[in-house]
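File shown here: my_file.cif, holding mmCIF, C-alpha atoms.
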```
data_protein
loop_
_atom_site.label_atom_id
_atom_site.label_comp_id
_atom_site.auth_asym_id
_atom_site.auth_seq_id
_atom_site.Cartn_x
_atom_site.Cartn_y
_atom_site.Cartn_z
CA MET A 258 60.37 89.77 113.27
CA THR A 259 61.09 92.44 110.66
CA GLU A 260 62.79 95.77 111.42
CA LEU A 261 61.93 98.66 109.12
CA LEU A 262 63.84 101.92 108.88
CA VAL A 263 61.41 104.65 107.86
CA GLY A 264 62.87 108.03 106.93
CA THR A 265 60.27 110.78 107.29
CA LYS A 266 59.91 114.53 107.06
CA LYS A 267 60.18 114.63 110.86
CA GLY A 268 62.81 112.11 111.79
CA LEU A 269 63.81 108.46 111.49
CA PHE A 270 61.54 105.74 112.85
CA ALA A 271 62.60 102.16 113.50
CA LEU A 272 59.60 99.83 113.43
CA GLN A 273 59.40 96.16 114.37
CA GLY A 274 56.64 93.67 113.68
CA ASP A 275 55.38 90.69 111.73
CA ASP A 276 52.15 90.78 109.78
CA GLY A 277 50.13 93.46 111.54
CA ALA A 278 50.71 96.86 113.06
CA PHE A 279 54.41 97.41 113.68
CA GLU A 280 55.74 98.86 116.93
CA ILE A 281 57.92 101.99 116.97
CA THR A 282 61.14 100.89 118.68
CA ALA A 283 63.26 103.99 118.08
CA ARG A 284 62.98 107.54 116.80
CA ALA A 285 66.06 109.59 115.92
CA PHE A 286 66.63 113.10 114.53
CA ALA A 287 63.24 114.24 115.79
CA GLY A 288 61.91 117.12 113.72
CA GLU A 289 64.57 116.83 111.01
CA PRO A 290 64.01 115.53 107.46
CA VAL A 291 65.52 112.06 107.08
CA GLU A 292 65.78 111.38 103.37
CA PHE A 293 67.09 107.83 103.53
CA ALA A 294 68.24 105.22 106.02
CA LEU A 295 69.58 101.72 105.75
CA ARG A 296 71.55 99.08 107.63
CA ASP A 297 74.62 97.66 105.89
CA PRO A 298 74.12 93.89 106.32
CA ARG A 299 77.90 93.29 106.19
CA SER A 300 78.78 95.45 109.19
CA GLY A 301 75.42 95.86 110.90
CA ARG A 302 76.01 99.62 110.81
CA TYR A 303 73.03 101.93 110.35
CA PHE A 304 73.16 105.02 108.12
CA ALA A 305 70.81 108.00 108.08
CA SER A 306 70.79 110.90 105.64
CA VAL A 307 69.60 114.02 107.45
CA THR A 308 69.05 117.27 105.60
CA SER A 309 68.42 120.00 108.11
CA ALA A 310 66.83 123.05 106.53
CA PHE A 311 69.31 125.07 108.55
CA TYR A 312 72.55 123.13 108.80
CA GLY A 313 72.79 121.27 105.47
CA PRO A 314 73.01 117.61 104.50
CA LYS A 315 74.83 115.14 106.78
CA ILE A 316 75.24 111.39 107.10
CA PHE A 317 75.10 109.89 110.57
CA VAL A 318 76.09 106.34 111.52
CA THR A 319 75.44 104.11 114.51
CA ASP A 320 75.34 100.49 115.61
CA ASP A 321 72.11 101.09 117.53
CA PRO A 322 69.37 103.32 116.08
CA ALA A 323 68.11 104.06 119.59
CA GLY A 324 71.60 105.11 120.72
CA GLU A 325 74.13 107.79 119.81
CA TRP A 326 74.75 108.67 116.15
CA GLN A 327 78.11 109.85 114.81
CA GLN A 328 78.50 112.29 111.92
CA ALA A 329 80.43 110.88 108.96
CA GLU A 330 83.26 112.96 107.47
CA GLY A 331 84.17 114.23 104.04
CA LEU A 332 80.74 114.95 102.61
CA ALA A 333 81.38 118.29 100.97
CA LEU A 334 82.13 119.53 97.49
CA PRO A 335 85.61 120.92 96.80
CA GLU A 336 86.29 124.33 98.31
CA GLY A 337 85.83 127.01 95.73
CA SER A 338 82.98 125.20 93.98
CA GLU A 339 80.08 127.27 92.74
CA LYS A 340 77.72 124.78 94.37
CA ALA A 341 77.39 123.15 97.76
CA LEU A 342 76.19 119.65 98.57
CA GLU A 343 72.40 119.93 98.71
CA ARG A 344 71.01 116.55 99.69
CA ILE A 345 71.99 112.90 100.10
CA TRP A 346 69.60 110.49 98.40
CA THR A 347 71.06 107.03 98.79
CA VAL A 348 73.78 104.91 100.38
CA VAL A 349 74.65 101.58 98.74
CA PRO A 350 77.04 98.83 99.93
CA GLY A 351 79.77 98.12 97.37
CA GLU A 352 81.38 94.91 96.19
CA GLU A 353 84.55 95.08 98.33
CA ASP A 354 84.97 94.94 102.09
CA GLY A 355 84.25 98.33 103.60
CA LEU A 356 83.28 99.89 100.26
CA LEU A 357 80.12 101.97 100.07
CA TYR A 358 78.74 104.46 97.58
CA LEU A 359 76.62 107.51 98.24
CA GLY A 360 74.57 109.51 95.75
CA GLY A 361 73.42 113.04 96.24
CA ALA A 362 72.52 116.37 94.71
CA PRO A 363 73.80 118.13 92.64
CA GLY A 364 74.47 114.87 90.75
CA VAL A 365 77.39 113.73 92.90
CA LEU A 366 78.91 110.37 93.80
CA PHE A 367 80.95 109.77 96.97
CA GLU A 368 82.85 106.62 98.00
CA SER A 369 83.87 105.28 101.37
CA ARG A 370 86.44 102.55 101.93
CA ASP A 371 86.23 102.40 105.72
CA GLY A 372 82.68 101.19 106.13
CA GLY A 373 81.05 104.60 105.80
CA LEU A 374 82.78 106.81 108.37
CA ALA A 375 84.89 108.82 105.88
CA TRP A 376 83.84 109.72 102.34
CA GLU A 377 85.57 111.06 99.23
CA LEU A 378 84.04 112.69 96.19
CA ASN A 379 84.38 110.75 92.92
CA GLU A 380 86.32 113.46 91.10
CA SER A 381 85.96 111.88 87.67
CA PHE A 382 82.20 112.10 87.85
CA TRP A 383 82.29 115.55 89.40
CA ASN A 384 84.43 116.77 86.49
CA GLN A 385 82.27 115.40 83.67
CA PRO A 386 82.66 117.82 80.75
CA THR A 387 78.90 117.99 80.13
CA ARG A 388 78.10 118.93 83.75
CA PRO A 389 77.48 122.63 82.95
CA GLU A 390 74.60 121.49 80.70
CA TRP A 391 72.93 119.28 83.34
CA SER A 392 69.47 120.18 84.63
CA PRO A 393 67.81 119.17 87.89
CA GLY A 394 64.45 117.45 88.24
CA ALA A 395 61.76 118.80 90.55
CA GLY A 396 63.50 117.26 93.55
CA GLY A 397 66.92 118.62 92.63
CA MET A 398 69.69 117.02 90.60
CA CYS A 399 69.48 113.84 92.58
CA MET A 400 71.62 110.75 92.13
CA HIS A 401 69.16 108.26 93.60
CA SER A 402 70.20 104.93 92.08
CA ILE A 403 73.61 103.26 92.27
CA ALA A 404 73.59 99.74 90.82
CA THR A 405 76.62 97.64 91.68
CA TRP A 406 77.48 94.41 89.82
CA PRO A 407 77.52 91.40 92.16
CA GLY A 408 81.09 90.22 92.62
CA ASP A 409 82.63 92.83 90.30
CA PRO A 410 83.50 96.20 91.85
CA SER A 411 84.64 97.59 88.50
CA ARG A 412 81.16 97.80 87.01
CA LEU A 413 78.72 100.47 88.13
CA ALA A 414 75.53 102.05 86.81
CA LEU A 415 74.21 105.35 88.15
CA ALA A 416 70.93 107.12 87.51
CA ILE A 417 70.20 110.80 88.07
CA SER A 418 67.14 112.99 87.80
CA ALA A 419 67.39 114.54 85.27
CA VAL A 420 70.71 113.49 83.75
CA GLY A 421 70.00 109.90 82.72
CA VAL A 422 72.11 106.76 83.16
CA TRP A 423 75.88 106.64 83.59
CA LEU A 424 78.02 103.53 83.28
CA SER A 425 81.55 102.66 84.36
CA ASP A 426 83.62 99.53 83.74
CA ASP A 427 86.68 100.64 85.71
CA GLY A 428 85.40 101.24 89.22
CA GLY A 429 84.30 104.81 88.57
CA ARG A 430 87.44 106.23 86.92
CA THR A 431 85.70 106.82 83.58
CA TRP A 432 82.04 107.22 82.68
CA ARG A 433 79.78 107.05 79.64
CA ASN A 434 76.05 107.47 79.05
CA GLY A 435 73.60 104.56 78.78
CA ASN A 436 70.48 106.26 77.48
CA THR A 437 69.64 104.63 74.14
CA GLY A 438 65.91 104.01 73.91
CA LEU A 439 64.79 106.38 76.66
CA TYR A 440 62.08 108.68 75.35
CA PRO A 441 61.38 111.90 77.29
CA ARG A 442 57.83 112.92 76.32
CA TYR A 443 58.21 116.02 78.50
CA MET A 444 60.77 117.49 76.07
CA PRO A 445 59.98 119.29 72.78
CA GLU A 446 59.63 116.76 69.96
CA GLU A 447 62.77 117.90 68.18
CA LYS A 448 64.86 117.34 71.32
CA ARG A 449 63.57 113.95 72.44
CA GLU A 450 66.16 111.89 70.57
CA ASP A 451 69.10 114.05 71.54
CA THR A 452 69.04 115.33 75.09
CA LEU A 453 70.73 114.70 78.40
CA ASP A 454 67.61 115.93 80.25
CA LEU A 455 66.51 112.39 81.07
CA CYS A 456 64.54 112.14 84.28
CA VAL A 457 65.16 108.66 85.65
CA HIS A 458 63.11 108.08 88.81
CA ASN A 459 64.54 104.72 89.88
CA MET A 460 66.80 101.97 88.54
CA HIS A 461 67.61 98.47 89.84
CA ARG A 462 69.97 95.81 88.56
CA HIS A 463 68.86 92.20 88.92
CA PRO A 464 71.43 90.39 91.08
CA MET A 465 70.93 86.99 89.42
CA ARG A 466 71.29 88.35 85.87
CA PRO A 467 73.36 91.54 86.32
CA GLU A 468 73.15 92.63 82.69
CA ARG A 469 69.41 93.14 83.28
CA LEU A 470 68.16 96.37 84.82
CA PHE A 471 64.68 97.75 85.36
CA MET A 472 63.84 101.46 85.37
CA GLN A 473 60.96 103.70 86.39
CA PHE A 474 61.25 106.85 84.27
CA HIS A 475 59.42 110.19 84.38
CA GLY A 476 56.74 108.80 82.08
CA GLY A 477 57.94 105.32 81.14
CA VAL A 478 58.95 101.95 82.56
CA TYR A 479 61.94 100.31 80.89
CA ARG A 480 64.13 97.20 80.88
CA SER A 481 67.74 96.84 79.75
CA ASP A 482 69.29 93.46 78.87
CA ASP A 483 72.71 94.84 77.97
CA ALA A 484 73.84 96.26 81.32
CA GLY A 485 72.24 99.64 80.81
CA GLU A 486 73.53 100.49 77.34
CA SER A 487 70.02 100.49 75.83
CA TRP A 488 66.44 100.32 77.05
CA VAL A 489 63.07 98.99 75.83
CA SER A 490 59.66 100.09 77.06
CA ILE A 491 57.76 97.61 79.23
CA ALA A 492 54.99 99.99 80.32
CA GLU A 493 52.14 98.39 78.35
CA GLY A 494 49.55 96.95 80.71
CA LEU A 495 50.12 99.44 83.52
CA PRO A 496 47.40 101.97 84.43
CA SER A 497 50.06 104.69 84.19
CA ASP A 498 53.73 104.75 83.27
CA PHE A 499 54.49 107.44 85.87
CA GLY A 500 55.75 106.58 89.34
CA PHE A 501 58.83 106.56 91.51
CA PRO A 502 59.89 103.35 93.31
CA LEU A 503 60.77 99.92 91.93
CA VAL A 504 61.72 96.59 93.51
CA VAL A 505 62.83 93.22 92.08
CA ASP A 506 62.63 89.68 93.46
CA PRO A 507 66.26 88.49 93.64
CA ASP A 508 65.16 84.89 92.90
CA ASP A 509 63.53 85.79 89.58
CA PRO A 510 65.31 87.89 86.93
CA ASP A 511 61.99 88.37 85.10
CA SER A 512 60.41 90.09 88.13
CA ALA A 513 59.77 93.72 88.95
CA TYR A 514 57.30 95.66 91.06
CA VAL A 515 56.19 99.27 90.51
CA ILE A 516 53.60 101.56 92.12
CA PRO A 517 52.01 103.70 89.39
CA LEU A 518 50.82 107.25 90.03
CA VAL A 519 48.49 109.14 87.69
CA ALA A 520 51.00 111.44 85.97
CA ASP A 521 53.58 114.14 86.62
CA MET A 522 50.81 116.71 87.07
CA ASP A 523 48.88 114.47 89.52
CA ARG A 524 51.30 112.38 91.55
CA THR A 525 48.68 110.25 93.33
CA THR A 526 47.49 106.66 93.11
CA PRO A 527 45.09 106.29 90.11
CA ASP A 528 41.33 106.27 90.74
CA GLY A 529 41.86 106.70 94.48
CA ARG A 530 43.06 103.07 94.67
CA VAL A 531 46.43 101.93 96.00
CA ARG A 532 47.85 99.18 93.81
CA VAL A 533 51.24 97.61 93.30
CA TYR A 534 51.94 96.06 89.89
CA GLU A 535 54.07 92.97 89.46
CA THR A 536 55.61 91.42 86.38
CA ARG A 537 56.97 87.87 86.22
CA ASP A 538 57.74 87.89 82.51
CA ALA A 539 60.22 90.78 82.31
CA GLY A 540 57.53 93.35 81.60
CA SER A 541 55.47 91.60 78.92
CA SER A 542 52.50 91.67 81.28
CA TRP A 543 51.61 93.13 84.66
CA ILE A 544 49.54 91.75 87.54
CA GLU A 545 47.56 94.09 89.81
CA ARG A 546 48.32 93.56 93.50
CA GLY A 547 45.93 95.44 95.78
CA ASP A 548 44.41 92.88 98.14
CA GLY A 549 44.43 94.54 101.54
CA LEU A 550 45.44 97.99 100.27
CA PRO A 551 43.01 100.96 100.36
CA GLN A 552 40.75 100.76 97.31
CA GLU A 553 38.51 103.76 97.85
CA ASP A 554 39.24 107.50 98.22
CA ALA A 555 42.96 106.83 98.69
CA TYR A 556 45.08 109.38 96.83
CA LEU A 557 48.55 108.53 98.05
CA THR A 558 52.01 109.57 96.88
CA ILE A 559 54.82 107.03 97.22
CA LEU A 560 58.29 108.51 96.81
CA ARG A 561 61.27 106.92 95.07
CA GLN A 562 63.05 105.46 98.12
CA ALA A 563 59.89 104.42 99.95
CA PHE A 564 59.57 100.80 98.67
CA ALA A 565 61.65 97.95 100.08
CA ARG A 566 62.06 94.21 99.93
CA GLU A 567 63.01 91.46 102.39
CA GLY A 568 63.99 87.95 101.33
CA SER A 569 62.88 86.49 98.02
CA GLY A 570 60.46 84.18 96.27
CA GLU A 571 56.88 83.46 97.33
CA SER A 572 57.49 84.56 100.93
CA MET A 573 59.27 87.80 99.97
CA GLY A 574 58.40 90.75 102.19
CA LEU A 575 57.42 94.02 100.52
CA TYR A 576 57.01 97.31 102.36
CA PHE A 577 56.16 100.81 101.17
CA GLY A 578 55.32 104.12 102.77
CA ALA A 579 53.39 107.14 101.53
CA THR A 580 53.51 110.85 102.17
CA SER A 581 50.21 110.32 104.00
CA GLY A 582 52.25 108.69 106.80
CA ASP A 583 50.94 105.20 106.06
CA VAL A 584 53.24 102.18 105.77
CA PHE A 585 51.97 98.97 104.16
CA GLY A 586 53.47 95.49 104.16
CA SER A 587 53.16 92.14 102.44
CA ARG A 588 54.76 88.85 103.48
CA ASP A 589 53.69 86.86 100.42
CA ALA A 590 55.38 88.76 97.58
CA GLY A 591 52.50 91.18 97.16
CA ALA A 592 49.58 88.72 97.03
CA THR A 593 48.06 90.23 100.20
CA TRP A 594 48.83 93.41 102.15
CA PHE A 595 48.39 94.79 105.66
CA SER A 596 48.79 98.15 107.36
CA ALA A 597 52.10 98.30 109.25
CA ALA A 598 51.83 101.91 110.48
CA THR A 599 49.59 104.93 110.14
CA LYS A 600 49.92 108.58 111.12
CA LEU A 601 53.68 108.79 110.76
CA PRO A 602 55.05 112.02 109.26
CA PRO A 603 55.29 112.03 105.44
CA VAL A 604 57.41 109.01 104.49
CA HIS A 605 60.54 109.65 102.41
CA SER A 606 62.13 106.19 102.52
CA VAL A 607 61.59 102.62 103.69
CA ARG A 608 64.27 99.94 104.03
CA VAL A 609 64.37 96.60 105.82
CA ALA A 610 67.18 96.62 108.41
CA MET B 6 87.94 140.18 120.29
CA PRO B 7 84.43 139.68 118.83
CA LEU B 8 82.08 137.55 120.91
CA VAL B 9 80.15 134.72 119.17
CA ARG B 10 76.88 133.51 120.71
CA LEU B 11 75.47 130.10 119.74
CA ARG B 12 72.27 128.21 120.41
CA ALA B 13 71.59 124.46 120.38
CA PRO B 14 72.44 122.32 118.50
CA LEU B 15 75.42 124.51 117.48
CA SER B 16 76.40 125.13 121.09
CA GLU B 17 76.44 121.38 121.72
CA LEU B 18 78.83 120.92 118.78
CA ALA B 19 81.02 123.62 120.36
CA GLY B 20 81.47 121.48 123.44
CA GLY B 21 78.51 123.00 125.26
CA ARG B 22 79.81 126.58 124.96
CA ARG B 23 77.20 129.22 124.20
CA GLU B 24 79.68 132.13 124.03
CA LEU B 25 83.16 132.20 122.55
CA GLU B 26 85.65 135.00 121.94
CA LEU B 27 87.29 134.55 118.54
CA ASP B 28 89.67 136.63 116.49
CA GLY B 29 88.82 137.83 112.98
CA ALA B 30 88.34 140.90 110.84
CA THR B 31 85.11 139.74 109.18
CA VAL B 32 82.18 137.46 109.96
CA ARG B 33 83.67 134.83 107.65
CA ASP B 34 87.03 135.03 109.47
CA VAL B 35 85.38 134.53 112.84
CA LEU B 36 83.17 131.66 111.68
CA ARG B 37 86.18 129.90 110.16
CA ALA B 38 88.06 130.43 113.42
CA LEU B 39 85.09 128.86 115.17
CA GLU B 40 85.35 125.81 112.88
CA ARG B 41 89.08 125.49 113.56
CA GLU B 42 88.50 125.61 117.32
CA HIS B 43 85.52 123.23 117.15
CA PRO B 44 85.84 121.03 114.02
CA ALA B 45 82.48 119.36 114.72
CA LEU B 46 80.91 122.63 113.54
CA GLU B 47 82.50 122.42 110.11
CA GLY B 48 79.79 122.58 107.45
CA TRP B 49 77.00 123.54 109.86
CA ILE B 50 77.05 127.34 109.53
CA LEU B 51 79.29 127.90 106.50
CA ASP B 52 78.98 125.54 103.55
CA GLU B 53 81.93 124.40 101.44
CA ARG B 54 81.86 127.71 99.56
CA THR B 55 82.39 129.44 102.94
CA THR B 56 78.93 130.93 102.41
CA ILE B 57 76.53 131.25 105.32
CA ARG B 58 73.85 128.58 104.81
CA GLU B 59 70.61 129.88 103.34
CA HIS B 60 68.50 129.39 106.45
CA ILE B 61 71.03 130.63 108.99
CA ASN B 62 71.00 134.25 110.09
CA VAL B 63 74.07 135.99 111.48
CA PHE B 64 73.54 139.23 113.39
CA VAL B 65 76.32 141.64 114.37
CA ASN B 66 75.25 143.89 117.23
CA GLY B 67 71.63 143.14 116.26
CA GLU B 68 72.01 143.91 112.54
CA LYS B 69 71.64 141.12 109.98
CA SER B 70 75.05 140.63 108.40
CA ARG B 71 76.86 138.69 105.69
CA GLU B 72 80.20 136.96 105.37
CA GLU B 73 82.08 140.15 104.46
CA THR B 74 80.75 142.27 107.31
CA ALA B 75 83.70 143.91 109.08
CA LEU B 76 84.11 143.33 112.79
CA GLY B 77 85.63 145.36 115.58
CA VAL B 78 86.71 144.71 119.13
CA GLY B 79 83.73 143.85 121.32
CA ASP B 80 81.26 143.20 118.51
CA ARG B 81 78.60 140.62 119.41
CA ILE B 82 77.78 137.97 116.77
CA HIS B 83 74.59 135.92 117.12
CA VAL B 84 74.15 132.81 114.95
CA ILE B 85 70.46 131.94 114.75
CA PRO B 86 68.41 129.60 112.51
CA SER B 87 65.90 131.42 110.32
CA ILE B 88 62.24 131.46 111.29
CA SER B 89 61.32 129.12 108.47
CA GLY B 90 60.41 125.56 107.79
CA GLY B 91 57.29 123.44 107.65
#
```

Structure re-expressed in structure tokens:
Amino acid sequence: MTELLVGTKKGLFALQGDDGAFEITARAFAGEPVEFALRDPRSGRYFASVTSAFYGPKIFVTDDPAGEWQQAEGLALPEGSEKALERIWTVVPGEEDGLLYLGGAPGVLFESRDGGLAWELNESFWNQPTRPEWSPGAGGMCMHSIATWPGDPSRLALAISAVGVWLSDDGGRTWRNGNTGLYPRYMPEEKREDTLDLCVHNMHRHPMRPERLFMQFHGGVYRSDDAGESWVSIAEGLPSDFGFPLVVDPDDPDSAYVIPLVADMDRTTPDGRVRVYETRDAGSSWIERGDGLPQEDAYLTILRQAFAREGSGESMGLYFGATSGDVFGSRDAGATWFSAATKLPPVHSVRVA
Amino acid sequence: MPLVRLRAPLSELAGGRRELELDGATVRDVLRALEREHPALEGWILDERTTIREHINVFVNGEKSREETALGVGDRIHVIPSISGG
């Protein structure tokens, strides 16, 4: 039995099922936008990012998604700031007991050392000297990807739309850019080699080979083999190099999955067909995976946090949701797919609990 | 003292109270006094800049008001979410 946490425009849904339609077992924050939700496997604690249009972004925690949720503390920018916290995009377990990271807009990193109840702003990142030059993407200046290094809490990689990749080797005390090789076609030609306006859409480190990362860019799919210092294009063979989410198989460092959309001006599945693309050779080639997915008149949008994995290898579970309210699943690493839910509100995020 | 009126979910965060008398010379003063009395409300009406959140309306005696609006004895302050959304 698999439990999915589906963040939607109108609340959080917990779904349970196997290889067919999943059952809704809990709904929380009815009517409110839930950007992201996950369960920390170390503590069993559930987290939900709720951004009320009225009352601002909050994180809530619980041990039971059908029960009471408690608001976490400390999620605010320093008093006197010109900006306020706008949105919380991701929560990621760290590499020490009780350590978690949280990424949000406007390009901010928070840390918790008590399992996620109390949070503190990473001041070093907040005070980056180039921050006044940073620009937001269409969804705000969102820090959506936080890649920890298995077993080493000192090494972190962050990705922000649209401020590129940031690396730290000292647990977040100092930061540097890791953008060599990224090529922003959306910028004027004379600025493409020298700009911080780099719109990363998603970034994942491979846990078995941590110096390897995969990235979905705003027009580009990339791989890094030097821990995020530099990037090479691996988009050849895809129907489009635009998209948002990305997943890897933890058993295979040459694996990645993406869900291409047409382009930035048409953020829907190409040709009205829903297809996931898989590489097993580090991006040299891509395999189309659409068996069981809608292949006619299906113009879906899959957002950056709406693709999740369970397990690994040939029996790996894959799950993604669309703004149409559909959720699809696979229990054979993408070879075949089924419909797990339909008619939910627009899906913002999917994670396996 | 000015009288603050709240609706759910703000009233729930104020311990179920829908009306509170709070001291303060301006709307900001009173809303900060509200946060001190009921810390669960911190960040819900005023953001970290002590600015009223974009989609919250504050009315003083029926007139839409801002943080600096001066208050007098007996003024009635309504905190109401905007008619917005999707």

Exercise for review: Identify all chain B residues at most 8 Å from chain A by counting only C-alpha atoms; ligands do not count. Present them as a list of chain:residue names.
Suggested key: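 Listed by rising number, the hits are B:Gly48, B:Trp49, B:Ile50, B:Asp52, B:Glu53, B:Arg54, B:Thr55, B:Arg58, B:Glu59, B:His60, B:Ile61, B:Pro86, B:Ser87, B:Gly90.
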
Exercise for review: Please identify all polymer residues within 12 Å of A:Val291, counting all atoms listed in the file, omitting same-chain residues fewer than 2 positions from it, and present them as an MDAnalysis selection string.
Suggested key: chainID A and resid 262:270 284:289 293:295 304:310 313:317 344:347 562:563 602:607

Practice item. Would you translate the PyMOL selection byres ((chain A and resi 459-464) around 8) into the concrete set of residues it matches in this file, as a PyMOL selection string? Key: chain A and resi 401-407+416+457-458+465-474+501-505+507+510+561

Practice item. Could you tell me how far atom CA of B:Asn62 lies from atom CA of A:Gly364, in Å and to one decimal? Key: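 If I compute the distance from atom CA of B:Asn62 to atom CA of A:Gly364, I get 27.6 Å.
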
Find the smallest box with edges along x, y and z containing every listed atom of stretch 568-578 of chain A, then add 3 Å on each side and report centre and edge lengths in Å to one decimal, as AutoDock Vina command-line options.
```
--center_x 59.7 --center_y 93.8 --center_z 99.5 --size_x 14.7 --size_y 26.7 --size_z 12.5
```

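When you apply the PyMOL selection byres ((chain B and resi 63) around 7) to this structure, what comes back is Ile61, Asn62, Phe64, Val65, Lys69, Ser70, Arg71, Ile82, His83, Val84 and Ile85 of chain B.
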
Practice item. Give as number ranges by chain the residues that the PyMOL selection byres ((chain A and resi 535-546) around 8) matches when applied to the coordinates above. Key: A: 480, 491-495, 509-515, 532-534, 547-548, 591-593

**Study point:** Nearest-residue call for B:Arg37, choices B:Asp80, B:Glu72, B:Glu24, B:Glu17, using only C-alpha atoms
**Key:**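 For B:Arg37, the nearest of the given residues is B:Glu72.
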
**Study point:** Residue with smallest distance to A:Ser487 - pool A:Ser572, A:Thr525, A:Thr452, A:Asn434, counting only C-alpha atoms
**Key:**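 The shortest atom-to-atom distance to A:Ser487 comes from A:Asn434.
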
Residues around (79.8, 132.8, 129.2), cut-off 12 Å, counting all atoms listed in the file - what are they as a short mmCIF file (atom, residue, chain, number, x, y, z; two decimals) with C-alpha atoms, in the coordinates of the input?
```cif
data_model
loop_
_atom_site.label_atom_id
_atom_site.label_comp_id
_atom_site.auth_asym_id
_atom_site.auth_seq_id
_atom_site.Cartn_x
_atom_site.Cartn_y
_atom_site.Cartn_z
CA LEU B 8 82.08 137.55 120.91
CA VAL B 9 80.15 134.72 119.17
CA ARG B 10 76.88 133.51 120.71
CA LEU B 11 75.47 130.10 119.74
CA SER B 16 76.40 125.13 121.09
CA GLY B 21 78.51 123.00 125.26
CA ARG B 22 79.81 126.58 124.96
CA ARG B 23 77.20 129.22 124.20
CA GLU B 24 79.68 132.13 124.03
CA LEU B 25 83.16 132.20 122.55
CA GLU B 26 85.65 135.00 121.94
#
```

Exercise for review: For atom CA of A:Thr599 and atom CA of A:Ser581, determine how far apart the two atoms are, in Å to one decimal place.
Suggested key: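 So the two atoms, atom CA of A:Thr599 and atom CA of A:Ser581, lie 8.2 Å apart.
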
Grab stretch 590-603 of chain A from that structure and dump N, CA and C atoms to a file, as a compact mmCIF listing (two decimals), in the first residue's frame.
```
# COMPACT_ATOMS: atom_id res chain seq x y z
N ALA A 590 8.74 1.24 -12.67
CA ALA A 590 9.78 2.20 -13.10
C ALA A 590 9.41 2.90 -14.39
N GLY A 591 8.12 3.06 -14.64
CA GLY A 591 7.69 3.85 -15.80
C GLY A 591 7.33 3.03 -17.02
N ALA A 592 7.48 1.71 -16.96
CA ALA A 592 7.17 0.88 -18.14
C ALA A 592 5.68 0.94 -18.45
N THR A 593 4.83 0.89 -17.42
CA THR A 593 3.38 1.01 -17.61
C THR A 593 2.82 1.95 -16.54
N TRP A 594 1.70 2.58 -16.87
CA TRP A 594 1.11 3.60 -15.99
C TRP A 594 -0.37 3.34 -15.77
N PHE A 595 -0.89 3.88 -14.67
CA PHE A 595 -2.32 3.79 -14.38
C PHE A 595 -2.77 5.13 -13.81
N SER A 596 -4.09 5.33 -13.80
CA SER A 596 -4.66 6.54 -13.22
C SER A 596 -4.89 6.31 -11.73
N ALA A 597 -4.27 7.12 -10.89
CA ALA A 597 -4.42 6.97 -9.44
C ALA A 597 -5.54 7.87 -8.91
N ALA A 598 -5.77 9.00 -9.55
CA ALA A 598 -6.85 9.91 -9.11
C ALA A 598 -7.20 10.84 -10.26
N THR A 599 -8.43 11.25 -10.28
CA THR A 599 -8.89 12.25 -11.26
C THR A 599 -9.73 13.27 -10.50
N LYS A 600 -9.90 14.43 -11.10
CA LYS A 600 -10.82 15.44 -10.58
C LYS A 600 -10.41 16.01 -9.23
N LEU A 601 -9.13 15.91 -8.89
CA LEU A 601 -8.65 16.67 -7.74
C LEU A 601 -8.51 18.13 -8.18
N PRO A 602 -8.34 19.06 -7.25
CA PRO A 602 -7.98 20.43 -7.64
C PRO A 602 -6.61 20.42 -8.34
N PRO A 603 -6.24 21.51 -8.99
CA PRO A 603 -4.94 21.56 -9.66
C PRO A 603 -3.80 21.12 -8.72
```
